[in-house]
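With compact mmCIF, C-alpha atoms inside, this is coords-v9.txt:
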```txt
# COMPACT_ATOMS: atom_id res chain seq x y z
CA MET P 1 -13.32 8.62 11.60
CA PRO P 2 -17.12 8.64 11.84
CA THR P 3 -19.12 7.74 8.75
CA VAL P 4 -22.29 9.52 7.76
CA ALA P 5 -25.68 7.83 7.77
CA ARG P 6 -26.94 6.28 4.56
CA PRO P 7 -29.77 8.03 2.71
CA LYS P 8 -33.34 6.94 3.29
CA PRO P 9 -34.21 3.76 1.35
CA ILE P 10 -36.19 4.23 -1.83
CA ASN P 11 -39.90 3.55 -1.69
CA LEU P 12 -41.27 2.48 -5.06
CA THR P 13 -44.83 2.23 -6.26
CA ASP P 14 -46.05 -0.71 -8.29
CA THR P 15 -46.65 -0.13 -11.96
CA ARG P 16 -48.88 -2.14 -14.25
CA LEU P 17 -48.00 -3.02 -17.80
CA TYR P 18 -50.34 -4.18 -20.53
CA VAL P 19 -49.27 -6.16 -23.56
CA VAL P 20 -51.59 -5.34 -26.39
CA ASN P 21 -51.79 -6.53 -29.96
CA LYS P 22 -54.51 -6.27 -32.61
CA ASP P 23 -56.24 -9.39 -31.31
CA ASN P 24 -56.72 -8.24 -27.71
CA LEU P 25 -56.97 -4.51 -28.37
CA GLU P 26 -60.71 -4.24 -27.84
CA GLU P 27 -60.56 -6.39 -24.72
CA PHE P 28 -57.74 -4.22 -23.41
CA LEU P 29 -59.63 -0.99 -24.09
CA ALA P 30 -62.70 -2.23 -22.31
CA GLU P 31 -60.77 -3.51 -19.29
CA PHE P 32 -58.59 -0.43 -19.16
CA GLU P 33 -61.57 1.88 -19.18
CA GLU P 34 -63.23 -0.17 -16.48
CA VAL P 35 -60.14 0.05 -14.26
CA ASN P 36 -59.09 3.62 -15.01
CA GLY P 37 -62.33 5.29 -16.07
CA ASN P 38 -60.93 6.55 -19.35
CA ARG P 39 -59.06 5.50 -22.42
CA ALA P 40 -56.00 7.64 -22.00
CA PHE P 41 -52.75 5.74 -21.69
CA VAL P 42 -49.08 5.87 -22.49
CA ALA P 43 -47.88 3.27 -24.97
CA PHE P 44 -44.42 1.93 -25.60
CA SER P 45 -43.25 -0.04 -28.55
CA VAL P 46 -41.68 -3.36 -27.63
CA LYS P 47 -38.29 -1.95 -28.53
CA ASP P 48 -38.79 1.10 -26.33
CA TYR P 49 -39.92 -1.16 -23.49
CA GLU P 50 -36.71 -3.14 -23.88
CA ASN P 51 -34.72 0.08 -23.85
CA LEU P 52 -36.53 1.21 -20.70
CA ALA P 53 -35.77 -2.11 -19.01
CA LEU P 54 -32.11 -1.85 -20.02
CA ASN P 55 -31.95 1.73 -18.77
CA ILE P 56 -33.33 0.66 -15.39
CA ALA P 57 -30.84 -2.22 -15.29
CA GLU P 58 -28.06 0.25 -15.96
CA MET P 59 -29.23 2.54 -13.16
CA ARG P 60 -29.50 -0.46 -10.85
CA ARG P 61 -25.92 -1.39 -11.68
CA TYR P 62 -24.77 2.12 -10.90
CA ILE P 63 -26.62 2.18 -7.55
CA GLN P 64 -25.19 -1.20 -6.56
CA GLN P 65 -21.65 -0.25 -7.53
CA GLN P 66 -21.93 3.10 -5.80
CA GLY P 67 -23.06 1.24 -2.67
CA GLU P 68 -20.14 -1.17 -2.89
CA ILE P 69 -17.70 1.72 -3.21
CA ILE P 70 -19.23 3.37 -0.14
CA VAL P 71 -18.82 0.12 1.81
CA TYR P 72 -15.21 -0.06 0.60
CA TYR P 73 -14.42 3.42 1.88
CA GLU P 74 -16.23 2.83 5.15
CA GLU P 75 -14.17 -0.29 5.77
CA ALA P 76 -10.96 1.40 4.69
CA VAL P 77 -11.60 4.29 7.07
CA SER P 78 -12.52 2.04 9.98
CA ASN P 79 -9.39 -0.07 9.41
CA THR P 80 -7.07 2.89 9.58
CA GLU P 81 -8.38 4.00 12.96
CA MET M 1 71.23 21.01 38.41
CA PHE M 2 70.18 17.55 39.47
CA THR M 3 67.26 19.02 41.41
CA SER M 4 66.10 20.93 38.35
CA ILE M 5 66.06 17.75 36.31
CA LYS M 6 64.02 16.03 38.99
CA ILE M 7 61.53 18.90 39.06
CA ALA M 8 61.30 18.84 35.29
CA ILE M 9 60.66 15.11 35.29
CA VAL M 10 57.96 15.52 37.97
CA VAL M 11 56.35 18.33 35.96
CA VAL M 12 56.45 16.26 32.79
CA VAL M 13 55.00 13.24 34.61
CA LEU M 14 52.26 15.36 36.19
CA ALA M 15 51.50 17.06 32.90
CA THR M 16 51.35 13.73 31.10
CA GLY M 17 49.11 12.36 33.84
CA GLY M 18 46.85 15.41 33.60
CA VAL M 19 46.63 15.20 29.85
CA GLY M 20 45.99 11.46 30.10
CA TYR M 21 43.28 12.03 32.69
CA MET M 22 41.59 14.64 30.55
CA TYR M 23 41.86 12.38 27.52
CA VAL M 24 40.21 9.52 29.44
CA GLN M 25 37.49 11.88 30.69
CA LYS M 26 36.86 12.99 27.14
CA LEU M 27 36.75 9.38 25.97
CA GLN M 28 34.25 8.51 28.69
CA SER M 29 32.13 11.51 27.81
CA ASP M 30 32.19 10.56 24.13
CA LEU M 31 31.31 6.99 25.05
CA GLU M 32 28.31 8.14 27.06
CA THR M 33 27.16 10.33 24.20
CA ALA M 34 27.62 7.44 21.78
CA ARG M 35 25.65 5.11 24.08
CA ALA M 36 22.84 7.66 24.32
CA ASN M 37 22.85 8.06 20.56
CA VAL M 38 22.75 4.31 20.07
CA ALA M 39 19.81 4.05 22.46
CA LYS M 40 17.98 6.80 20.56
CA MET M 41 18.73 5.14 17.26
CA GLU M 42 17.46 1.82 18.56
CA VAL M 43 14.20 3.48 19.53
CA ALA M 44 14.05 5.14 16.12
CA VAL M 45 14.69 1.81 14.40
CA GLN M 46 11.99 0.13 16.48
CA THR M 47 9.54 2.90 15.63
CA ALA M 48 10.41 2.68 11.95
CA GLU M 49 10.05 -1.11 11.99
CA ALA M 50 6.66 -0.80 13.71
CA SER M 51 5.59 1.77 11.11
CA ILE M 52 6.72 -0.50 8.29
CA ALA M 53 4.83 -3.42 9.81
CA THR M 54 1.70 -1.29 10.15
CA LEU M 55 2.04 -0.04 6.59
CA ARG M 56 2.46 -3.60 5.33
CA ALA M 57 -0.59 -4.75 7.28
CA ASP M 58 -2.61 -1.80 5.96
CA GLN M 59 -1.41 -2.51 2.44
CA ALA M 60 -2.44 -6.17 2.72
CA GLN M 61 -5.82 -5.16 4.11
CA MET M 62 -6.35 -2.60 1.35
CA ALA M 63 -5.39 -5.18 -1.26
CA GLU M 64 -7.97 -7.55 0.20
CA LEU M 65 -10.59 -4.80 0.28
CA ASN M 66 -9.75 -3.96 -3.33
CA LEU M 67 -10.22 -7.56 -4.39
CA THR M 68 -13.57 -7.70 -2.62
CA LEU M 69 -14.59 -4.41 -4.21
CA GLN M 70 -13.68 -5.60 -7.70
CA ALA M 71 -15.67 -8.80 -7.17
CA ASP M 72 -18.67 -6.85 -5.87
CA LEU M 73 -18.49 -4.37 -8.75
CA GLN M 74 -18.46 -7.29 -11.14
CA LYS M 75 -21.48 -8.86 -9.42
CA ALA M 76 -23.43 -5.67 -10.00
CA GLU M 77 -23.13 -6.26 -13.74
CA ALA M 78 -24.99 -9.56 -13.47
CA TYR M 79 -28.57 -8.27 -13.68
CA GLY M 80 -27.94 -6.15 -16.77
CA ASP M 81 -25.93 -8.88 -18.46
CA ASP M 82 -28.67 -11.40 -17.73
CA LEU M 83 -31.35 -9.05 -19.06
CA ARG M 84 -29.41 -8.27 -22.22
CA GLY M 85 -28.91 -11.98 -22.82
CA LYS M 86 -32.60 -12.71 -22.42
CA LEU M 87 -33.63 -9.86 -24.68
CA GLN M 88 -31.28 -11.18 -27.33
CA ARG M 89 -32.55 -14.75 -26.99
CA HIS M 90 -36.24 -13.91 -27.12
CA ASN M 91 -38.22 -11.94 -29.62
CA LEU M 92 -40.59 -9.92 -27.46
CA THR M 93 -42.53 -8.58 -30.42
CA ASN M 94 -43.26 -12.11 -31.52
CA LEU M 95 -44.28 -13.08 -27.99
CA ALA M 96 -46.49 -10.00 -27.70
CA LEU M 97 -48.27 -11.04 -30.89
CA LYS M 98 -48.66 -14.70 -29.95
CA GLU M 99 -48.98 -14.79 -26.15
CA PRO M 100 -49.75 -11.27 -24.88
CA GLY M 101 -51.31 -12.49 -21.63
CA GLN M 102 -48.39 -14.67 -20.73
CA LEU M 103 -45.86 -12.00 -21.59
CA GLU M 104 -47.85 -9.40 -19.65
CA GLY M 105 -47.87 -11.60 -16.55
CA ARG M 106 -44.16 -12.17 -16.73
CA MET M 107 -43.43 -8.50 -17.30
CA ASN M 108 -45.58 -7.38 -14.39
CA GLY M 109 -44.19 -10.09 -12.11
CA ALA M 110 -40.62 -9.24 -12.98
CA THR M 111 -41.27 -5.53 -12.61
CA ALA M 112 -42.88 -5.94 -9.19
CA LYS M 113 -39.95 -8.03 -8.02
CA LEU M 114 -37.44 -5.56 -9.44
CA TRP M 115 -39.03 -2.68 -7.48
CA ARG M 116 -38.84 -4.74 -4.28
CA GLU M 117 -35.24 -5.75 -4.90
CA LEU M 118 -34.30 -2.13 -5.50
CA GLU M 119 -35.96 -1.17 -2.22
CA GLN M 120 -33.98 -3.88 -0.42
CA GLU M 121 -30.72 -2.84 -2.06
CA THR M 122 -31.14 0.69 -0.75
CA GLY M 123 -31.82 -0.49 2.79
CA GLY M 124 -35.58 -0.94 2.69
CA ASN M 125 -37.42 -4.15 3.44
CA GLY M 126 -38.96 -4.63 -0.01
CA THR M 127 -41.80 -6.64 1.46
CA ASP M 128 -44.78 -4.67 0.22
CA PRO M 129 -47.65 -6.98 -0.78
CA LEU M 130 -47.95 -7.67 -4.47
CA PRO M 131 -50.37 -5.42 -6.37
CA SER M 132 -53.88 -6.68 -6.99
CA TRP M 133 -53.19 -7.56 -10.62
CA LEU M 134 -50.46 -9.94 -9.48
CA ARG M 135 -52.13 -11.55 -6.49
CA PRO M 136 -53.23 -15.14 -6.87
CA ARG M 137 -56.77 -15.43 -8.07
CA GLU M 138 -59.25 -16.87 -5.61
CA THR M 139 -59.52 -19.95 -7.75
CA GLY M 140 -55.82 -19.89 -8.49
CA THR M 141 -53.04 -21.95 -7.03
CA GLY M 142 -50.49 -19.32 -6.25
CA ASP M 143 -49.40 -18.12 -9.63
CA THR M 144 -48.36 -14.53 -9.16
CA SER M 145 -47.05 -14.08 -12.64
CA GLY M 146 -50.42 -13.88 -14.26
CA ASP M 147 -49.39 -16.30 -16.93
CA GLY M 148 -51.59 -19.11 -15.71
CA ASN M 149 -48.70 -21.31 -14.80
CA PRO M 150 -48.96 -22.29 -11.11
CA GLU M 151 -45.42 -23.64 -11.14
CA ASP M 152 -44.06 -20.29 -12.15
CA ASP M 153 -43.92 -17.46 -9.70
CA GLY M 154 -43.30 -14.94 -12.40
CA ALA M 155 -42.38 -12.31 -9.81
CA ASP M 156 -38.82 -13.19 -10.51
CA SER M 157 -36.63 -10.49 -11.88
CA SER M 158 -33.99 -13.00 -12.82
CA SER M 159 -36.50 -14.53 -15.21
CA THR M 160 -37.01 -11.09 -16.56
CA GLU M 161 -39.49 -9.84 -19.06
CA ALA M 162 -38.31 -11.86 -21.99
CA ASP M 163 -37.92 -15.21 -20.34
CA GLN M 164 -40.34 -17.64 -21.85
CA SER M 165 -38.17 -20.70 -21.60
CA ASN M 166 -38.90 -21.51 -17.96
```

When written as structure tokens, how does the structure in this file appear?
Amino acid sequence: MPTVARPKPINLTDTRLYVVNKDNLEEFLAEFEEVNGNRAFVAFSVKDYENLALNIAEMRRYIQQQGEIIVYYEEAVSNTE
Amino acid sequence: MFTSIKIAIVVVVLATGGVGYMYVQKLQSDLETARANVAKMEVAVQTAEASIATLRADQAQMAELNLTLQADLQKAEAYGDDLRGKLQRHNLTNLALKEPGQLEGRMNGATAKLWRELEQETGGNGTDPLPSWLRPRETGTGDTSGDGNPEDDGADSSSTEADQSN
């Protein structure tokens, strides 16, 4: 039984994080404005950053396991031919 | 009278012979049928045995595939487990207050590596050059983590965001 082609690989774009506290806040604002031309940014608390990292880890687990299950079925189908 | 007895005996003998002949013919016919049936049953048994052997082989193969699948599914838990362990061991808030630059370098390095690993895991090459904020400085010695430690290539998702012990 023929198996279908896998989807196109994901293509991710790099993201930059800044760690800011009261001591380096001014330095951050200056550098950020120099790089981005404004002072608009999205901030996460440390806890929310941890949650985001855990959420990504969970999605990664799901993708990997889904891939393994696809490989399992592909091998099972090819073995029964 | 004597002639009649003779005729009767001949008739009886002939009739017995005829019946015997027919009986033998019937026996031979039954024997042929039985032989044909036996041959068919032998073929059926061989087919059934071959099917059983195939089923057993398939079952063994599926059991092996299942074992491999379970192991692979378990492996996929490793990254999350590792990350959870590191987040529990390290206080990121404390690190952000004390060493924001070092933590930032590790976070960015780990994030860049994670994106590349995800690309590889979905069939891509994951070999994009590191972003400018992670490239070694001209005066640097190859530290891509941004934490100033040339021994540490912080672009290592297994030493994820929280790892300060390495």

- Task: Write out as a ChimeraX atom specification every residue belonging to chain M that has an atom at most 6 Å from any atom of chain P, counting only C-alpha atoms.
- Result: /M:73,76-77,80,93,97,100,104,119,122-124

- Message: Quick check, in Å to one decimal: how far apart do atom CA of M:Gln88 and atom CA of P:Asn51 lie?
- Response: 12.3 Å

Axis-aligned box for stretch 7-18 of chain P, 5 Å per side, centre and edges in Å as lines of an AutoDock Vina configuration file:
```
center_x = -40.1
center_y = 1.9
center_z = -8.6
size_x = 30.6
size_y = 22.2
size_z = 33.8
```

- Determine, counting only C-alpha atoms, which protein, DNA and RNA residues have an atom within 9 Å of an atom of P:Ser78; residues of the same chain fewer than 3 positions away are not included. Present the result as a PyMOL selection string. chain P and resi 1-3+73-75+81

- Please measure the separation of atom CA of M:Gly101 and atom CA of P:Phe28, giving the value in Å to one decimal.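 Calculated distance between atom CA of M:Gly101 and atom CA of P:Phe28 is 10.6 Å.
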
- Work out how far atom CA of M:Thr16 is from atom CA of M:Phe2, in Å to one decimal.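 Straight-line distance from atom CA of M:Phe2 to atom CA of M:Thr16 works out to 21.0 Å.
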
For stretch 41-57 of chain M in the structure I just supplied, write out N, CA and C atoms - as a PDB file, in the first residue's frame.
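And here is the file that came out, out27.pdb:
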```pdb
ATOM      1  N   MET M  41      -7.750 -32.101   1.248  1.00  0.00           N
ATOM      2  CA  MET M  41      -7.576 -31.734   2.648  1.00  0.00           C
ATOM      3  C   MET M  41      -6.105 -31.465   2.961  1.00  0.00           C
ATOM      4  N   GLU M  42      -5.229 -32.213   2.320  1.00  0.00           N
ATOM      5  CA  GLU M  42      -3.798 -31.962   2.540  1.00  0.00           C
ATOM      6  C   GLU M  42      -3.412 -30.566   2.056  1.00  0.00           C
ATOM      7  N   VAL M  43      -3.974 -30.215   0.886  1.00  0.00           N
ATOM      8  CA  VAL M  43      -3.704 -28.863   0.369  1.00  0.00           C
ATOM      9  C   VAL M  43      -4.272 -27.814   1.332  1.00  0.00           C
ATOM     10  N   ALA M  44      -5.495 -28.091   1.820  1.00  0.00           N
ATOM     11  CA  ALA M  44      -6.119 -27.146   2.747  1.00  0.00           C
ATOM     12  C   ALA M  44      -5.299 -27.018   4.026  1.00  0.00           C
ATOM     13  N   VAL M  45      -4.799 -28.137   4.511  1.00  0.00           N
ATOM     14  CA  VAL M  45      -3.977 -28.111   5.730  1.00  0.00           C
ATOM     15  C   VAL M  45      -2.697 -27.328   5.477  1.00  0.00           C
ATOM     16  N   GLN M  46      -2.076 -27.567   4.316  1.00  0.00           N
ATOM     17  CA  GLN M  46      -0.845 -26.835   3.991  1.00  0.00           C
ATOM     18  C   GLN M  46      -1.110 -25.326   3.916  1.00  0.00           C
ATOM     19  N   THR M  47      -2.232 -24.983   3.282  1.00  0.00           N
ATOM     20  CA  THR M  47      -2.579 -23.555   3.175  1.00  0.00           C
ATOM     21  C   THR M  47      -2.811 -22.957   4.559  1.00  0.00           C
ATOM     22  N   ALA M  48      -3.540 -23.717   5.380  1.00  0.00           N
ATOM     23  CA  ALA M  48      -3.820 -23.216   6.735  1.00  0.00           C
ATOM     24  C   ALA M  48      -2.528 -23.074   7.529  1.00  0.00           C
ATOM     25  N   GLU M  49      -1.631 -24.057   7.386  1.00  0.00           N
ATOM     26  CA  GLU M  49      -0.365 -23.976   8.120  1.00  0.00           C
ATOM     27  C   GLU M  49       0.460 -22.775   7.648  1.00  0.00           C
ATOM     28  N   ALA M  50       0.438 -22.549   6.324  1.00  0.00           N
ATOM     29  CA  ALA M  50       1.181 -21.395   5.793  1.00  0.00           C
ATOM     30  C   ALA M  50       0.578 -20.099   6.320  1.00  0.00           C
ATOM     31  N   SER M  51      -0.766 -20.054   6.379  1.00  0.00           N
ATOM     32  CA  SER M  51      -1.428 -18.854   6.898  1.00  0.00           C
ATOM     33  C   SER M  51      -1.070 -18.626   8.361  1.00  0.00           C
ATOM     34  N   ILE M  52      -1.066 -19.721   9.122  1.00  0.00           N
ATOM     35  CA  ILE M  52      -0.725 -19.601  10.546  1.00  0.00           C
ATOM     36  C   ILE M  52       0.714 -19.100  10.706  1.00  0.00           C
ATOM     37  N   ALA M  53       1.601 -19.652   9.879  1.00  0.00           N
ATOM     38  CA  ALA M  53       3.005 -19.219   9.962  1.00  0.00           C
ATOM     39  C   ALA M  53       3.135 -17.735   9.617  1.00  0.00           C
ATOM     40  N   THR M  54       2.402 -17.317   8.577  1.00  0.00           N
ATOM     41  CA  THR M  54       2.448 -15.902   8.189  1.00  0.00           C
ATOM     42  C   THR M  54       1.893 -15.023   9.299  1.00  0.00           C
ATOM     43  N   LEU M  55       0.758 -15.469   9.875  1.00  0.00           N
ATOM     44  CA  LEU M  55       0.162 -14.693  10.963  1.00  0.00           C
ATOM     45  C   LEU M  55       1.110 -14.590  12.150  1.00  0.00           C
ATOM     46  N   ARG M  56       1.786 -15.721  12.447  1.00  0.00           N
ATOM     47  CA  ARG M  56       2.723 -15.685  13.581  1.00  0.00           C
ATOM     48  C   ARG M  56       3.886 -14.736  13.294  1.00  0.00           C
ATOM     49  N   ALA M  57       4.375 -14.789  12.059  1.00  0.00           N
ATOM     50  CA  ALA M  57       5.492 -13.893  11.686  1.00  0.00           C
ATOM     51  C   ALA M  57       5.041 -12.439  11.768  1.00  0.00           C
TER      52      ALA M  57
END
```
